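Below: one structure, written as structure tokens.
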Amino acid sequence: MEEITAEYATEALVASSELRAIPWVTVACKTDLGRVRENNEDKFEYFVTEDRAVLASRGLIFVVCDGMGGHAAGQIASELAAKTFIDVYLHHPSTEPETAMRAAVAAANRFVNDVGRAVPSRKGMGTTLSVLVLLQDQAYLVQVGDSRIYRLRGGELRQMTFDHTWVEEATRKGMITAEEAENHPYRHVLTRAIGTEEGVEPDVFVEPAQAGDVYLLCSDGLINHVADAQIGETLGHESPSDAAWKLVGQALQGGGSDNCTVIVVRLDQIEAV
């Protein structure tokens with residue numbers, strides 16, 4: 001992986017980025033092994049800075065990854081992907097956030113793929129990657145795989161990302177119905193993942209952020225057992241910390257068939273500078 005120095009990136013970004021708005025957030029995270037798995041292949045990371053130059057150019061970063069590959073391979077893949085994305089995104093020399101995000105995805109993919117090729121026991125390992133970046137008064141979302149990002153706004157829960165699964169793509173193309181998709185044998189078959197191929201194309205979205213928005217990043221260990229309606233109710237009535245614990249608890253009560261990880265981000269204020 002090409003090394004990019006923090007000093008070079010910082011000089012370029014400070015010179016070109018003006019801080020117009022500061023997002024103030026309350027954050028809570030929770031992960032659990034579940035009732036079936038012997039190790040946790042999920043990984044969450046976040047970077048919340050007070051450095052005004054970094055706030056202006058890169059913002060606040062939240063990441064959830066769900067690894068796969070058996071043994072410890074999935075755990076390694078998710079760890080590598082989460083840390084590599086944040087490091088490369090922060091230190092990339094581009095002044096365009098989306099360019100830096102796509103480069104960070106490419107670097108994470110390359111790193112995981114290289115390790116999988118180099119170590120026989122980790123062959124074929126990979127991971128999902130879901131990223132929320134709150135940059136000034138904008139929300140950027142980066143997606144590979146079938147972990148998800150939701151947003152609660154004005155009491156309405158919306159799934160902000162598309163699952164990169166065979167079933168999701170078949171449903172969107174009209175090949176199968178939503179009812180057929182719910183219990184389809186291919187519902188967990190990924191069409192995109194970090195590290196399983198030499199290259200991967202992420203979805204990158206941007207939208208205006210609003211004070212009061214609540215974002216949820218989660219692995220499919222939550223989605224498998226907790227319905228969207230219950231997710232929305234919990235996010236709407238609980239603080240971020242209580243919501244994170246209760247959502248994971250609901251997944252465990254529903255069966256806990258997989259690792260479960262959530263990050264809840266409440267955007268309390270967007271301060272104009």
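A note on labels: chains of the structure tokens are A, B, ... as shown, every chain counts residues from 1, and ligands are counted from 1 in their shown order.
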
As a ChimeraX atom specification, which residues of stretch 110-268 of chain A does DSSP assign to alpha helix (DSSP H)?
/A:110-118,166-172,178-182,220-223,228-237,240-253

Could you write out the selected residues, including C-alpha atoms, as a CSV table (one decimal), in the first residue's frame?
```csv
chain,number,residue,atom,x,y,z
A,110,ARG,CA,-5.9,-4.0,-1.6
A,111,PHE,CA,-4.6,-4.6,2.0
A,112,VAL,CA,-7.1,-7.3,2.8
A,113,ASN,CA,-6.7,-8.9,-0.6
A,114,ASP,CA,-2.9,-8.9,-0.3
A,115,VAL,CA,-3.0,-10.5,3.2
A,116,GLY,CA,-5.5,-13.1,2.0
A,117,ARG,CA,-3.3,-14.1,-0.9
A,118,ALA,CA,-0.1,-14.2,1.3
A,166,TRP,CA,-27.8,-11.2,-4.8
A,167,VAL,CA,-31.3,-11.0,-3.3
A,168,GLU,CA,-31.3,-7.2,-3.0
A,169,GLU,CA,-30.1,-6.8,-6.6
A,170,ALA,CA,-32.6,-9.4,-7.9
A,171,THR,CA,-35.4,-7.6,-6.1
A,172,ARG,CA,-34.5,-4.2,-7.5
A,178,ALA,CA,-39.8,-8.6,-1.6
A,179,GLU,CA,-41.8,-11.5,0.0
A,180,GLU,CA,-39.6,-14.1,-1.8
A,181,ALA,CA,-36.5,-12.2,-0.8
A,182,GLU,CA,-37.2,-12.5,3.0
A,220,ASP,CA,-26.4,-7.9,9.8
A,221,GLY,CA,-26.4,-9.6,13.2
A,222,LEU,CA,-28.9,-6.9,14.1
A,223,ILE,CA,-31.0,-6.9,10.9
A,228,ASP,CA,-37.0,-1.9,11.0
A,229,ALA,CA,-40.1,-0.8,12.9
A,230,GLN,CA,-38.5,-1.9,16.2
A,231,ILE,CA,-35.2,-0.2,15.3
A,232,GLY,CA,-37.0,3.1,14.6
A,233,GLU,CA,-39.0,2.9,17.8
A,234,THR,CA,-35.8,2.2,19.9
A,235,LEU,CA,-33.8,5.0,18.2
A,236,GLY,CA,-36.7,7.4,18.6
A,237,HIS,CA,-37.3,6.9,22.3
A,240,PRO,CA,-27.8,6.8,22.0
A,241,SER,CA,-26.2,4.6,24.8
A,242,ASP,CA,-29.6,3.1,25.8
A,243,ALA,CA,-30.5,2.5,22.2
A,244,ALA,CA,-27.2,0.8,21.4
A,245,TRP,CA,-27.5,-1.6,24.3
A,246,LYS,CA,-31.2,-2.3,23.8
A,247,LEU,CA,-30.8,-3.0,20.0
A,248,VAL,CA,-28.1,-5.5,20.6
A,249,GLY,CA,-30.2,-7.0,23.4
A,250,GLN,CA,-33.1,-7.3,21.1
A,251,ALA,CA,-30.9,-9.2,18.6
A,252,LEU,CA,-29.8,-11.6,21.3
A,253,GLN,CA,-33.4,-12.2,22.4
```

Exercise: stretch 54-67 of chain A partners within 7 Å, only C-alpha atoms, chain neighbours under 3 positions left out, as a PyMOL selection string:
chain A and resi 13+17-19+41-49+51+74-75+77-78+82+90+97+126-136+217-219

How about saving the chosen residues, N, CA and C atoms kept, as a CSV table (one decimal), in the first residue's frame?
```
chain,number,residue,atom,x,y,z
A,13,LEU,N,-4.6,20.3,3.0
A,13,LEU,CA,-5.9,20.5,3.4
A,13,LEU,C,-6.2,21.8,4.2
A,17,SER,N,-9.2,24.3,2.9
A,17,SER,CA,-10.5,24.0,3.5
A,17,SER,C,-10.8,25.0,4.5
A,18,GLU,N,-12.0,25.5,4.4
A,18,GLU,CA,-12.5,26.5,5.4
A,18,GLU,C,-13.6,25.9,6.2
A,19,LEU,N,-13.5,26.1,7.5
A,19,LEU,CA,-14.5,25.5,8.4
A,19,LEU,C,-15.7,26.4,8.5
A,41,GLU,N,-16.3,-11.4,14.5
A,41,GLU,CA,-15.7,-11.0,13.3
A,41,GLU,C,-16.1,-9.5,12.9
A,42,ASP,N,-17.0,-8.9,13.7
A,42,ASP,CA,-17.4,-7.5,13.5
A,42,ASP,C,-16.3,-6.6,14.1
A,43,LYS,N,-16.3,-5.4,13.6
A,43,LYS,CA,-15.3,-4.4,14.1
A,43,LYS,C,-16.0,-3.0,13.9
A,44,PHE,N,-15.9,-2.2,14.9
A,44,PHE,CA,-16.3,-0.8,14.8
A,44,PHE,C,-15.1,0.1,15.2
A,45,GLU,N,-15.1,1.2,14.5
A,45,GLU,CA,-14.1,2.3,14.8
A,45,GLU,C,-14.7,3.6,14.6
A,46,TYR,N,-14.2,4.6,15.3
A,46,TYR,CA,-14.7,6.0,15.0
A,46,TYR,C,-13.5,6.9,15.3
A,47,PHE,N,-13.6,8.1,14.6
A,47,PHE,CA,-12.6,9.1,14.8
A,47,PHE,C,-13.3,10.4,15.0
A,48,VAL,N,-13.4,11.0,16.2
A,48,VAL,CA,-14.0,12.3,16.5
A,48,VAL,C,-13.0,13.3,17.0
A,49,THR,N,-12.7,14.2,16.1
A,49,THR,CA,-11.6,15.1,16.3
A,49,THR,C,-12.1,16.5,16.8
A,51,ASP,N,-9.8,19.0,16.2
A,51,ASP,CA,-8.8,19.8,15.4
A,51,ASP,C,-9.6,20.5,14.3
A,74,GLY,N,-11.9,-13.6,9.2
A,74,GLY,CA,-12.9,-12.6,9.2
A,74,GLY,C,-12.6,-11.5,10.2
A,75,GLN,N,-12.1,-11.8,11.3
A,75,GLN,CA,-11.8,-10.8,12.4
A,75,GLN,C,-10.6,-10.0,11.9
A,77,ALA,N,-9.8,-9.4,8.7
A,77,ALA,CA,-10.2,-8.6,7.6
A,77,ALA,C,-10.9,-7.4,8.0
A,78,SER,N,-11.8,-7.5,9.0
A,78,SER,CA,-12.6,-6.4,9.4
A,78,SER,C,-11.7,-5.4,10.1
A,82,ALA,N,-11.2,-1.5,8.6
A,82,ALA,CA,-11.7,-0.3,9.4
A,82,ALA,C,-10.5,0.6,9.6
A,90,LEU,N,-8.0,10.0,6.2
A,90,LEU,CA,-7.5,11.2,7.0
A,90,LEU,C,-6.2,11.8,6.3
A,97,PRO,N,-13.3,15.4,-0.6
A,97,PRO,CA,-13.6,14.3,0.4
A,97,PRO,C,-13.9,12.9,-0.3
A,126,GLY,N,-12.7,-11.6,3.7
A,126,GLY,CA,-13.2,-10.4,3.2
A,126,GLY,C,-14.0,-9.7,4.3
A,127,THR,N,-14.6,-8.6,4.0
A,127,THR,CA,-15.4,-7.9,5.0
A,127,THR,C,-16.4,-6.9,4.3
A,128,THR,N,-17.5,-6.6,5.0
A,128,THR,CA,-18.3,-5.5,4.6
A,128,THR,C,-17.6,-4.2,5.1
A,129,LEU,N,-18.1,-3.1,4.6
A,129,LEU,CA,-17.6,-1.8,5.1
A,129,LEU,C,-18.7,-0.8,5.0
A,130,SER,N,-19.2,-0.2,6.1
A,130,SER,CA,-20.2,0.9,6.1
A,130,SER,C,-19.6,2.0,6.8
A,131,VAL,N,-19.6,3.2,6.2
A,131,VAL,CA,-18.9,4.4,6.8
A,131,VAL,C,-19.9,5.6,6.7
A,132,LEU,N,-19.9,6.3,7.8
A,132,LEU,CA,-20.6,7.6,7.9
A,132,LEU,C,-19.6,8.7,8.2
A,133,VAL,N,-19.5,9.7,7.4
A,133,VAL,CA,-18.7,10.9,7.7
A,133,VAL,C,-19.6,12.1,7.8
A,134,LEU,N,-19.5,12.8,8.9
A,134,LEU,CA,-20.2,14.0,9.1
A,134,LEU,C,-19.2,15.1,8.9
A,135,LEU,N,-19.3,15.8,7.8
A,135,LEU,CA,-18.3,16.8,7.3
A,135,LEU,C,-19.0,18.1,7.2
A,136,GLN,N,-18.7,19.0,8.1
A,136,GLN,CA,-19.4,20.3,8.2
A,136,GLN,C,-20.9,20.1,8.3
A,217,LEU,N,-25.3,2.7,12.4
A,217,LEU,CA,-24.5,1.8,11.5
A,217,LEU,C,-24.6,0.4,12.2
A,218,CYS,N,-24.9,-0.6,11.5
A,218,CYS,CA,-25.0,-1.9,12.1
A,218,CYS,C,-24.6,-3.1,11.2
A,219,SER,N,-24.1,-4.2,11.8
A,219,SER,CA,-23.9,-5.4,11.0
A,219,SER,C,-25.2,-6.1,10.9
```

How far is it from atom CA of A:Gly155 to atom CA of A:Arg187, in Å with one decimal?
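So the two atoms, atom CA of A:Gly155 and atom CA of A:Arg187, lie 28.6 Å apart.
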
Could you give me the residues within stretch 151-264 of chain A that DSSP places in strand (DSSP E), as a PyMOL selection string?
chain A and resi 151-153+156-159+203-208+214-218+260-264

Given only C-alpha atoms as the basis, pick out the residue of A:Val27, A:Ala53, A:Ala193, A:Ala21 nearest to A:Leu267.
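Result for the nearest residue to A:Leu267: A:Val27.
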
With only C-alpha atoms as the counted atoms, please give the residues lying no more than 9 Å from A:Leu216, apart from itself and same-chain residues fewer than 5 positions off, as a list in words.
Arg148, Ile149, Tyr150, Arg151, Leu152, Leu235, Ala244, Val262, Ile263, Val264, Val265 and Arg266 of chain A

When you look at A:His164 with a cut-off of 7 Å (counting only C-alpha atoms), what residues show up, excluding the ones that are within fewer than 6 positions of it in the same chain? I need them as a VMD selection string.
chain A and resid 144 to 146 190 to 192

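The residue set within 7 Å of A:Asp258, counting only C-alpha atoms and dropping same-chain residues fewer than 4 places from it, reads Gly34, Val36, Arg37 and Gly221 of chain A.
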
Excluding same-chain residues fewer than 4 positions from stretch 206-210 of chain A, what lies within 8 Å of it counting only C-alpha atoms, as a VMD selection string?
chain A and resid 134 137 to 141 267 270

Between atom CA of A:Ile194 and atom CA of A:Ala103 - distance in Å to one decimal:
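Straight-line distance from atom CA of A:Ala103 to atom CA of A:Ile194 works out to 12.9 Å.
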
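Closest to A:His184 among A:Ala28, A:Phe85, A:Thr165, A:Glu198 is A:Thr165, based on only C-alpha atoms.
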
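Across the structure, atom CA of A:Tyr89 and atom CA of A:Asp268 are spaced 24.5 Å apart.
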